[in-house]
>>> print(open('start.txt').read())   # compact mmCIF, C-alpha atoms and all ligand atoms
# COMPACT_ATOMS: atom_id res chain seq x y z
CA MET A 1 -40.77 -3.15 -7.77
CA LEU A 2 -38.14 -3.19 -5.04
CA TRP A 3 -35.45 -2.35 -7.60
CA TYR A 4 -36.98 1.06 -8.17
CA HIS A 5 -37.49 1.73 -4.49
CA PRO A 6 -35.54 4.92 -3.68
CA LEU A 7 -33.75 3.14 -0.84
CA ALA A 8 -32.65 0.25 -3.11
CA SER A 9 -31.41 2.74 -5.73
CA ALA A 10 -29.45 4.58 -3.06
CA ILE A 11 -27.81 1.35 -1.93
CA VAL A 12 -26.84 0.46 -5.52
CA LEU A 13 -25.54 3.97 -6.05
CA SER A 14 -23.45 3.96 -2.90
CA LEU A 15 -21.98 0.55 -3.79
CA ASN A 16 -20.95 1.96 -7.15
CA MET A 17 -19.50 5.02 -5.48
CA VAL A 18 -17.38 2.87 -3.19
CA LYS A 19 -16.25 0.99 -6.28
CA ASN A 20 -15.44 4.18 -8.14
CA ARG A 21 -13.51 5.58 -5.23
CA ILE A 22 -10.93 2.84 -5.68
CA PRO A 23 -10.72 2.96 -9.48
CA LEU A 24 -8.50 0.91 -11.76
CA VAL A 25 -6.24 3.19 -13.78
CA ASN A 26 -4.16 2.15 -16.78
CA LEU A 27 -0.87 3.99 -16.58
CA PRO A 28 0.09 5.23 -20.07
CA SER A 29 3.14 3.52 -21.55
CA ASP A 30 4.63 6.69 -22.96
CA ASN A 31 5.68 9.54 -20.76
CA ASP A 32 4.23 12.32 -22.90
CA SER A 33 2.75 14.74 -20.38
CA SER A 34 0.72 16.54 -23.01
CA SER A 35 -1.08 13.44 -24.36
CA GLU A 36 -4.79 13.15 -23.62
CA MET A 37 -4.22 9.65 -22.23
CA MET A 38 -1.67 10.93 -19.75
CA ARG A 39 -3.83 13.85 -18.71
CA GLN A 40 -6.77 11.51 -18.12
CA ALA A 41 -4.67 9.03 -16.10
CA ALA A 42 -3.22 11.89 -14.06
CA ARG A 43 -6.72 13.17 -13.27
CA GLN A 44 -7.92 9.69 -12.28
CA VAL A 45 -4.90 9.04 -10.06
CA SER A 46 -5.08 12.35 -8.23
CA GLU A 47 -8.87 12.22 -7.86
CA ALA A 48 -8.68 8.76 -6.31
CA LEU A 49 -5.95 9.88 -3.92
CA GLU A 50 -8.03 12.92 -2.97
CA THR A 51 -11.21 10.95 -2.28
CA SER A 52 -10.15 7.54 -0.93
CA GLY A 53 -6.35 7.55 -0.94
CA PHE A 54 -6.44 4.18 -2.72
CA LEU A 55 -6.51 2.97 -6.33
CA LEU A 56 -5.47 0.04 -8.49
CA VAL A 57 -3.07 0.52 -11.38
CA GLN A 58 -1.97 -1.51 -14.34
CA SER A 59 1.43 -0.84 -15.87
CA HIS A 60 2.98 -2.19 -19.06
CA TYR A 61 6.19 -2.65 -17.05
CA LEU A 62 4.64 -5.38 -14.86
CA SER A 63 3.66 -8.71 -16.39
CA LYS A 64 1.28 -11.09 -14.62
CA ASP A 65 4.02 -13.74 -14.79
CA LEU A 66 6.55 -11.59 -12.94
CA GLN A 67 3.96 -10.70 -10.33
CA GLN A 68 3.08 -14.37 -9.80
CA ASP A 69 6.76 -15.42 -9.73
CA ALA A 70 7.51 -12.75 -7.12
CA LEU A 71 4.62 -14.01 -4.95
CA VAL A 72 5.82 -17.62 -5.23
CA ALA A 73 9.40 -16.59 -4.35
CA THR A 74 8.10 -14.58 -1.38
CA LYS A 75 6.07 -17.50 -0.08
CA GLU A 76 8.97 -19.93 -0.42
CA ILE A 77 11.48 -17.60 1.25
CA LEU A 78 9.16 -16.90 4.19
CA ASN A 79 8.30 -20.59 4.55
CA ASP A 80 11.98 -21.45 5.05
CA LYS A 81 12.05 -22.00 8.80
CA ASP A 82 15.83 -21.63 8.95
CA ASN A 83 15.81 -18.14 7.49
CA SER A 84 17.01 -15.87 10.29
CA GLU A 85 16.06 -12.75 8.33
CA THR A 86 12.38 -13.46 8.92
CA ILE A 87 10.76 -11.25 11.56
CA LEU A 88 7.70 -12.35 13.51
CA HIS A 89 5.64 -9.25 14.10
CA PRO A 90 5.29 -8.57 17.85
CA VAL A 91 1.55 -7.95 17.66
CA ASP A 92 0.08 -9.02 14.34
CA PRO A 93 -0.04 -12.69 13.31
CA LYS A 94 2.30 -12.22 10.36
CA LYS A 95 5.92 -12.71 9.42
CA TYR A 96 7.98 -10.64 7.07
CA ILE A 97 11.38 -9.73 5.67
CA MET A 98 12.40 -6.15 4.99
CA ILE A 99 14.71 -5.61 2.02
CA GLN A 100 16.28 -2.17 2.36
CA SER A 101 17.86 -1.79 -1.09
CA ALA A 102 18.03 -3.48 -4.47
CA ASP A 103 21.67 -4.39 -3.77
CA SER A 104 20.80 -6.18 -0.56
CA ILE A 105 18.70 -8.70 -2.53
CA GLU A 106 22.05 -10.31 -3.44
CA THR A 107 22.74 -11.09 0.21
CA LEU A 108 19.22 -12.31 0.96
CA LYS A 109 19.08 -15.95 2.08
CA ALA A 110 17.35 -17.13 -1.07
CA LYS A 111 18.08 -19.19 -4.16
CA ASP A 112 19.65 -17.50 -7.19
CA ASP A 113 16.44 -17.66 -9.21
CA GLN A 114 14.42 -16.19 -6.33
CA GLN A 115 16.90 -13.33 -6.02
CA LYS A 116 16.73 -12.75 -9.77
CA ILE A 117 12.93 -12.54 -9.68
CA LEU A 118 12.92 -10.15 -6.73
CA LYS A 119 15.57 -7.96 -8.35
CA GLU A 120 13.51 -7.79 -11.52
CA TYR A 121 10.38 -7.05 -9.47
CA TRP A 122 12.21 -4.26 -7.61
CA ASP A 123 13.36 -2.67 -10.88
CA VAL A 124 9.81 -2.75 -12.21
CA MET A 125 8.45 -1.20 -9.00
CA GLU A 126 10.96 1.65 -9.34
CA LYS A 127 9.57 2.36 -12.81
CA VAL A 128 5.94 2.12 -11.67
CA LYS A 129 6.76 4.44 -8.76
CA HIS A 130 7.93 7.12 -11.21
CA GLN A 131 4.86 6.57 -13.41
CA VAL A 132 2.60 7.13 -10.40
CA LEU A 133 4.59 10.16 -9.18
CA HIS A 134 4.46 11.64 -12.68
CA CYS A 135 0.66 11.27 -12.72
CA ILE A 136 0.34 12.76 -9.23
CA SER A 137 2.43 15.82 -10.15
CA LEU A 138 0.47 16.41 -13.34
CA GLY A 139 -2.87 15.77 -11.66
CA LEU A 140 -2.09 18.43 -9.07
CA GLY A 141 -1.09 20.92 -11.76
CA LEU A 142 2.61 20.77 -10.85
CA PRO A 143 5.54 20.31 -13.26
CA PRO A 144 5.54 16.60 -14.31
CA GLY A 145 8.91 15.89 -12.66
CA TYR A 146 8.09 17.67 -9.38
CA PHE A 147 7.78 14.59 -7.15
CA SER A 148 10.02 12.27 -9.20
CA GLU A 149 12.91 14.66 -8.62
CA CYS A 150 12.60 14.15 -4.85
CA HIS A 151 12.99 10.40 -5.46
CA SER A 152 16.29 10.38 -7.33
CA LYS A 153 18.15 7.95 -5.03
CA SER A 154 15.87 4.91 -4.85
CA ASN A 155 15.24 5.26 -1.14
CA SER A 156 12.73 2.43 -1.31
CA CYS A 157 12.26 -0.82 0.53
CA LEU A 158 10.44 -4.04 -0.12
CA ARG A 159 8.51 -5.96 2.51
CA LEU A 160 7.83 -9.63 1.83
CA LEU A 161 4.81 -10.63 3.90
CA HIS A 162 3.09 -13.84 4.89
CA TYR A 163 -0.04 -14.20 7.02
CA PRO A 164 -0.52 -17.76 8.31
CA PRO A 165 -3.90 -19.47 7.93
CA VAL A 166 -6.42 -18.75 10.65
CA PRO A 167 -6.67 -22.04 12.58
CA GLU A 168 -9.82 -24.10 12.06
CA GLU A 169 -10.70 -24.15 15.78
CA SER A 170 -10.72 -20.38 15.96
CA SER A 171 -12.89 -19.98 12.90
CA SER A 172 -16.02 -20.02 15.05
CA SER A 173 -14.48 -17.18 17.02
CA LEU A 174 -13.29 -15.36 13.91
CA LEU A 175 -15.41 -12.58 15.19
CA ASP A 176 -14.03 -11.59 18.58
CA GLU A 177 -16.35 -10.99 21.54
CA ASN A 178 -17.62 -7.94 19.78
CA ILE A 179 -19.41 -9.54 16.87
CA SER A 180 -18.65 -6.60 14.60
CA SER A 181 -14.85 -6.79 15.04
CA PRO A 182 -13.16 -9.08 12.55
CA LYS A 183 -9.86 -10.74 13.43
CA ILE A 184 -6.92 -8.45 12.70
CA ARG A 185 -4.04 -9.73 10.58
CA CYS A 186 -2.32 -6.35 10.22
CA LYS A 187 -3.39 -3.58 12.58
CA ALA A 188 -4.77 -0.29 11.31
CA HIS A 189 -2.01 2.05 10.24
CA SER A 190 -1.00 4.59 7.66
CA ASP A 191 2.16 4.23 5.59
CA TYR A 192 5.00 6.70 6.18
CA GLY A 193 6.62 7.77 2.98
CA SER A 194 5.32 8.67 -0.44
CA VAL A 195 3.90 5.82 -2.50
CA THR A 196 3.17 2.20 -1.54
CA LEU A 197 2.78 -0.37 -4.33
CA LEU A 198 1.19 -3.61 -3.18
CA THR A 199 0.88 -7.01 -4.82
CA SER A 200 -1.18 -9.69 -3.10
CA ASP A 201 -2.13 -13.24 -3.92
CA GLY A 202 -5.83 -12.39 -4.05
CA VAL A 203 -6.78 -13.69 -0.61
CA GLY A 204 -8.96 -10.83 0.56
CA GLY A 205 -8.86 -8.89 3.78
CA LEU A 206 -7.19 -5.60 2.89
CA GLN A 207 -9.49 -2.79 4.01
CA ALA A 208 -9.22 0.99 3.78
CA MET A 209 -11.02 3.47 6.01
CA ILE A 210 -13.07 5.47 3.52
CA ASP A 211 -15.56 8.04 4.78
CA GLY A 212 -15.59 6.41 8.19
CA VAL A 213 -16.24 2.89 6.94
CA TRP A 214 -13.82 -0.02 6.64
CA THR A 215 -14.06 -0.77 2.93
CA ASP A 216 -12.71 -3.88 1.15
CA VAL A 217 -9.99 -2.97 -1.34
CA PRO A 218 -10.86 -4.89 -4.52
CA TYR A 219 -8.45 -7.45 -5.97
CA VAL A 220 -7.91 -7.52 -9.74
CA GLU A 221 -5.33 -9.93 -11.09
CA GLY A 222 -2.38 -8.24 -12.79
CA THR A 223 -2.87 -4.94 -10.98
CA ILE A 224 -1.10 -3.21 -8.11
CA VAL A 225 -2.81 -1.50 -5.20
CA VAL A 226 -1.50 2.05 -4.74
CA ASN A 227 -1.84 4.17 -1.62
CA ILE A 228 0.17 7.06 -0.28
CA GLY A 229 2.03 7.68 2.94
CA SER A 230 1.92 10.52 5.46
CA LEU A 231 4.87 12.42 3.97
CA LEU A 232 3.33 12.80 0.53
CA SER A 233 -0.02 13.65 2.08
CA ASP A 234 1.67 16.36 4.13
CA TRP A 235 3.57 17.69 1.12
CA THR A 236 0.20 18.25 -0.57
CA LYS A 237 -1.12 19.91 2.62
CA GLY A 238 -3.51 17.02 3.12
CA LYS A 239 -5.08 17.28 -0.35
CA LEU A 240 -4.00 13.71 -1.06
CA LEU A 241 -5.07 11.35 1.70
CA SER A 242 -2.84 8.97 3.58
CA THR A 243 -5.62 6.55 4.41
CA LEU A 244 -5.70 4.18 7.35
CA HIS A 245 -5.75 0.57 6.26
CA ARG A 246 -5.55 -2.88 7.80
CA VAL A 247 -5.74 -6.56 6.91
CA VAL A 248 -8.48 -8.65 8.49
CA SER A 249 -9.53 -12.21 8.34
CA ASN A 250 -13.17 -13.14 7.88
CA ASP A 251 -14.96 -16.17 6.51
CA LYS A 252 -13.82 -15.27 2.99
CA SER A 253 -10.23 -14.50 3.89
CA SER A 254 -8.98 -16.90 6.57
CA GLU A 255 -6.59 -18.70 4.22
CA PRO A 256 -2.86 -17.97 4.24
CA ARG A 257 -2.09 -14.69 2.55
CA THR A 258 1.06 -13.54 0.80
CA SER A 259 1.75 -9.98 -0.21
CA ILE A 260 4.63 -7.76 -1.27
CA ALA A 261 4.68 -4.11 -0.27
CA PHE A 262 7.08 -1.75 -2.04
CA PHE A 263 7.47 1.41 0.03
CA ALA A 264 8.83 4.31 -1.99
CA ASP A 265 10.33 6.96 0.23
CA PRO A 266 11.71 10.29 -0.96
CA ASP A 267 15.47 10.96 -0.81
CA GLY A 268 16.60 10.75 2.81
CA ASP A 269 18.39 14.09 3.02
CA ILE A 270 15.57 16.39 1.93
CA SER A 271 13.16 18.17 4.24
CA ALA A 272 10.32 16.00 5.50
CA SER A 273 7.95 18.96 5.36
CA LEU A 274 8.92 20.13 1.84
CA GLY A 275 7.92 23.72 2.40
CA ASN A 276 4.80 22.94 4.46
CA ASN A 277 5.80 24.92 7.53
CA SER A 278 2.65 24.04 9.45
CA SER A 279 3.74 20.42 9.26
CA GLU A 280 4.52 18.58 12.48
CA ARG A 281 7.58 17.32 10.61
CA ALA A 282 9.09 20.79 10.14
CA GLY A 283 12.83 20.62 10.80
CA MET A 284 13.15 16.87 10.21
CA THR A 285 14.76 15.24 7.22
CA VAL A 286 12.97 12.41 5.43
CA LYS A 287 15.46 9.95 6.95
CA GLU A 288 14.77 11.20 10.50
CA TYR A 289 11.03 11.12 9.96
CA ILE A 290 11.06 7.54 8.63
CA GLN A 291 13.19 6.46 11.61
CA TYR A 292 10.77 8.14 14.00
CA ARG A 293 7.79 6.40 12.44
CA ALA A 294 9.59 3.07 12.18
CA GLY A 295 10.41 2.97 15.86
CA GLY A 296 14.11 3.79 15.69
CA ASP A 297 16.17 1.61 13.45
CA ASN A 298 13.90 1.42 10.41
CA ARG A 299 14.24 -2.36 10.50
CA GLY A 300 10.85 -3.54 11.53
CA ARG A 301 8.54 -0.62 10.79
CA VAL A 302 6.61 -1.24 13.98
CA GLY A 303 6.85 2.25 15.47
CA VAL A 304 4.29 5.04 15.25
CA ALA A 305 1.26 3.67 13.42
CA PHE A 306 -0.44 7.00 12.76
CA THR A 307 0.33 10.70 12.67
CA SER A 308 -1.62 12.80 15.18
CA ASP A 309 -4.17 13.81 12.50
CA GLU A 310 -4.61 10.22 11.55
CA THR A 311 -4.95 9.18 15.19
CA ASN A 312 -7.80 11.66 15.59
CA ARG A 313 -9.42 10.31 12.48
CA ALA A 314 -8.98 6.73 13.66
CA GLU A 315 -10.50 7.47 17.06
CA GLY A 316 -13.51 9.16 15.50
CA GLU A 317 -14.00 6.46 12.97
CA SER A 318 -13.41 3.34 15.02
CA ASN A 319 -16.76 3.97 16.69
CA LYS A 320 -18.41 3.41 13.33
CA GLU A 321 -16.84 -0.02 12.72
O1 LIG B 401 -0.41 -7.16 3.34
C1 LIG B 401 -1.11 -6.25 2.94
O2 LIG B 401 -1.97 -6.43 2.10
C2 LIG B 401 -0.93 -4.85 3.45
C3 LIG B 401 0.35 -4.62 4.17
C4 LIG B 401 0.53 -3.20 4.61
O3 LIG B 401 -0.35 -2.39 4.57
C5 LIG B 401 1.85 -2.77 5.09
O4 LIG B 401 2.72 -3.63 5.28
O5 LIG B 401 2.05 -1.55 5.30
FE FE B 402 0.41 -0.37 4.89
>>> encode(input="start.txt", output="structure tokens", more="lines below")
Ligand SMILES: O=C(O)CCC(=O)C(=O)O
Ligand SMILES: [Fe+2]
Amino acid sequence: MLWYHPLASAIVLSLNMVKNRIPLVNLPSDNDSSSEMMRQAARQVSEALETSGFLLVQSHYLSKDLQQDALVATKEILNDKDNSETILHPVDPKKYIMIQSADSIETLKAKDDQQKILKEYWDVMEKVKHQVLHCISLGLGLPPGYFSECHSKSNSCLRLLHYPPVPEESSSSLLDENISSPKIRCKAHSDYGSVTLLTSDGVGGLQAMIDGVWTDVPYVEGTIVVNIGSLLSDWTKGKLLSTLHRVVSNDKSSEPRTSIAFFADPDGDISASLGNNSSERAGMTVKEYIQYRAGGDNRGRVGVAFTSDETNRAEGESNKE
């Protein structure tokens, strides 16, 4: 039977491997570093970040209701045509608002209840960030607080994102001239800082470059997609991968898409190379590095899409698309 054909088994196996490379990890609700549950979660988190650079997590801090409410608020805020805070990306077909601190949510042009939801969401993301950093430290055999301690000042930001629907008339040309190139909604890039925590509305299209292949990042309701940025990758001397990713539109994902990216950056005044002297960031502070990657003012995050290592990887791998 075909099922037992060695080629068919290999295909099934590789599909499972892709699945397992972006595992879903339940973050333990207590912070006990010596518990078996914590040790297992720490292993799963660091293994995923070593092999694909991506995983999904579930945290007791985040309820499905809060996640849904935050998505609805995001959609409404970005749909308000009079909102001057909204930025149209210069290249990608997307619009977004950057929120640079929890306090600045109060001055966001949004209704009180929307601000309240986003504030609550921010506070939860701060907690999840520390849960993930705790697991990463433990998983790498470091003291549990090692990375959390470099994130003492909440140097995070929140990006509210909306991708408009792909127009009907262009659906026949969803595949550009080159039939194998799907339409790009967010160009390939790596993130800059330490940990990115992403909520999306379930419209597909997020892809990660894993072993040279653009791979769909699975969506599971109630979970957060976690990936890491170039700084954290560098701090671990490349052991943890800052993986290139992008958002595309294909026949399954041409609908409007809303997402919320929480970018956790380390404290601005510490060294961007954190003792890795071979790093191309040696001599820069975290704040300077983020500004360099963001294109100057840190407002739009449309600066340097990849580090030089990542550029090399991208050039090698884009041929395999
Ligand atoms: O919208 C998404 O799903 C991903 C966004 C992203 O990767 C980013 O803004 O850095
Ligand atoms: Fe990203």
>>> residues_around(input="start.txt", residues="Ser249 in chain A", least_positions_apart="3", cutoff="7 Å", atoms="only C-alpha atoms", output="ChimeraX atom specification")
/A:182-185,205,253-254
>>> closest_residue(input="start.txt", among="A:Thr243, A:Ser84, A:Ser156, A:Asn20", to="Pro218 in chain A", atoms="all atoms listed in the file")
A:Asn20
>>> residues_around(input="start.txt", residues="Val248 in chain A", least_positions_apart="3", cutoff="12 Å", atoms="only C-alpha atoms", output="ChimeraX atom specification")
/A:92-94,163,165-166,174-176,181-188,203-208,214-217,245,251-257
>>> residues_near_ligand(input="start.txt", ligand="ligand LIG 401 (chain B)", cutoff="7 Å", atoms="all atoms listed in the file", output="list of chain:residue names")
A:Arg159, A:Leu161, A:Cys186, A:Asp191, A:Leu198, A:Ser200, A:Leu206, A:His245, A:Arg246, A:Val247, A:Ser259, A:Ile260, A:Ala261
>>> atom_distance(input="start.txt", atom1="CA of Glu221 in chain A", atom2="CA of Leu138 in chain A")
27.1 Å
>>> residues_around(input="start.txt", residues="Pro28 in chain A", least_positions_apart="3", cutoff="8 Å", atoms="only C-alpha atoms", output="compact mmCIF listing (two decimals) with C-alpha atoms, in the coordinates of the input")
# COMPACT_ATOMS: atom_id res chain seq x y z
CA ASN A 31 5.68 9.54 -20.76
CA MET A 37 -4.22 9.65 -22.23
CA MET A 38 -1.67 10.93 -19.75
CA ALA A 41 -4.67 9.03 -16.10
CA SER A 59 1.43 -0.84 -15.87
>>> atom_distance(input="start.txt", atom1="CA of Lys116 in chain A", atom2="CA of Thr199 in chain A")
17.6 Å
>>> residues_around(input="start.txt", residues="Ile105 in chain A", least_positions_apart="2", cutoff="12 Å", atoms="all atoms listed in the file", output="list of chain:residue names")
A:Glu85, A:Ile97, A:Met98, A:Ile99, A:Gln100, A:Ser101, A:Ala102, A:Asp103, A:Thr107, A:Leu108, A:Lys109, A:Ala110, A:Lys111, A:Asp112, A:Asp113, A:Gln114, A:Gln115, A:Lys116, A:Ile117, A:Leu118, A:Lys119, A:Glu120, A:Tyr121, A:Trp122, A:Asp123, A:Cys157, A:Leu158, A:Arg159, A:Leu160
>>> atom_distance(input="start.txt", atom1="CA of Val225 in chain A", atom2="CA of Glu50 in chain A")
15.5 Å
>>> residues_near_point(input="start.txt", point="(-10.2, -0.5, -10.3)", cutoff="12 Å", atoms="only C-alpha atoms", output="VMD selection string")
chain A and resid 16 to 26 44 to 45 48 54 to 58 217 to 226
>>> closest_residue(input="start.txt", among="A:Leu241, A:Leu197, A:Ile210, A:Leu274", to="ligand FE 402 (chain B)", atoms="only C-alpha atoms and all ligand atoms")
A:Leu197
>>> build_atoms(input="start.txt", residues="range 136-152 of chain A", atoms="N, CA and C atoms", output="CSV table (one decimal), in the coordinates of the input")
chain,number,residue,atom,x,y,z
A,136,ILE,N,0.7,11.9,-10.4
A,136,ILE,CA,0.3,12.8,-9.2
A,136,ILE,C,0.7,14.2,-9.5
A,137,SER,N,2.0,14.4,-9.9
A,137,SER,CA,2.4,15.8,-10.2
A,137,SER,C,1.5,16.5,-11.2
A,138,LEU,N,1.3,15.8,-12.3
A,138,LEU,CA,0.5,16.4,-13.3
A,138,LEU,C,-0.9,16.7,-12.9
A,139,GLY,N,-1.5,15.7,-12.1
A,139,GLY,CA,-2.9,15.8,-11.7
A,139,GLY,C,-3.1,16.9,-10.7
A,140,LEU,N,-2.0,17.3,-10.0
A,140,LEU,CA,-2.1,18.4,-9.1
A,140,LEU,C,-1.7,19.8,-9.7
A,141,GLY,N,-1.4,19.7,-11.0
A,141,GLY,CA,-1.1,20.9,-11.8
A,141,GLY,C,0.3,21.4,-11.5
A,142,LEU,N,1.2,20.4,-11.1
A,142,LEU,CA,2.6,20.8,-10.8
A,142,LEU,C,3.4,20.3,-12.1
A,143,PRO,N,4.7,20.8,-12.2
A,143,PRO,CA,5.5,20.3,-13.3
A,143,PRO,C,5.6,18.8,-13.2
A,144,PRO,N,5.6,18.1,-14.3
A,144,PRO,CA,5.5,16.6,-14.3
A,144,PRO,C,6.6,15.9,-13.5
A,145,GLY,N,7.8,16.5,-13.4
A,145,GLY,CA,8.9,15.9,-12.7
A,145,GLY,C,9.0,16.3,-11.2
A,146,TYR,N,8.0,17.1,-10.7
A,146,TYR,CA,8.1,17.7,-9.4
A,146,TYR,C,8.4,16.6,-8.3
A,147,PHE,N,7.6,15.6,-8.2
A,147,PHE,CA,7.8,14.6,-7.2
A,147,PHE,C,8.9,13.6,-7.5
A,148,SER,N,9.0,13.2,-8.8
A,148,SER,CA,10.0,12.3,-9.2
A,148,SER,C,11.4,12.8,-8.8
A,149,GLU,N,11.6,14.1,-8.9
A,149,GLU,CA,12.9,14.7,-8.6
A,149,GLU,C,13.3,14.5,-7.1
A,150,CYS,N,12.3,14.4,-6.3
A,150,CYS,CA,12.6,14.2,-4.8
A,150,CYS,C,12.8,12.7,-4.6
A,151,HIS,N,12.8,11.9,-5.6
A,151,HIS,CA,13.0,10.4,-5.5
A,151,HIS,C,14.1,9.9,-6.4
A,152,SER,N,15.2,10.7,-6.3
A,152,SER,CA,16.3,10.4,-7.3
A,152,SER,C,17.2,9.3,-6.9
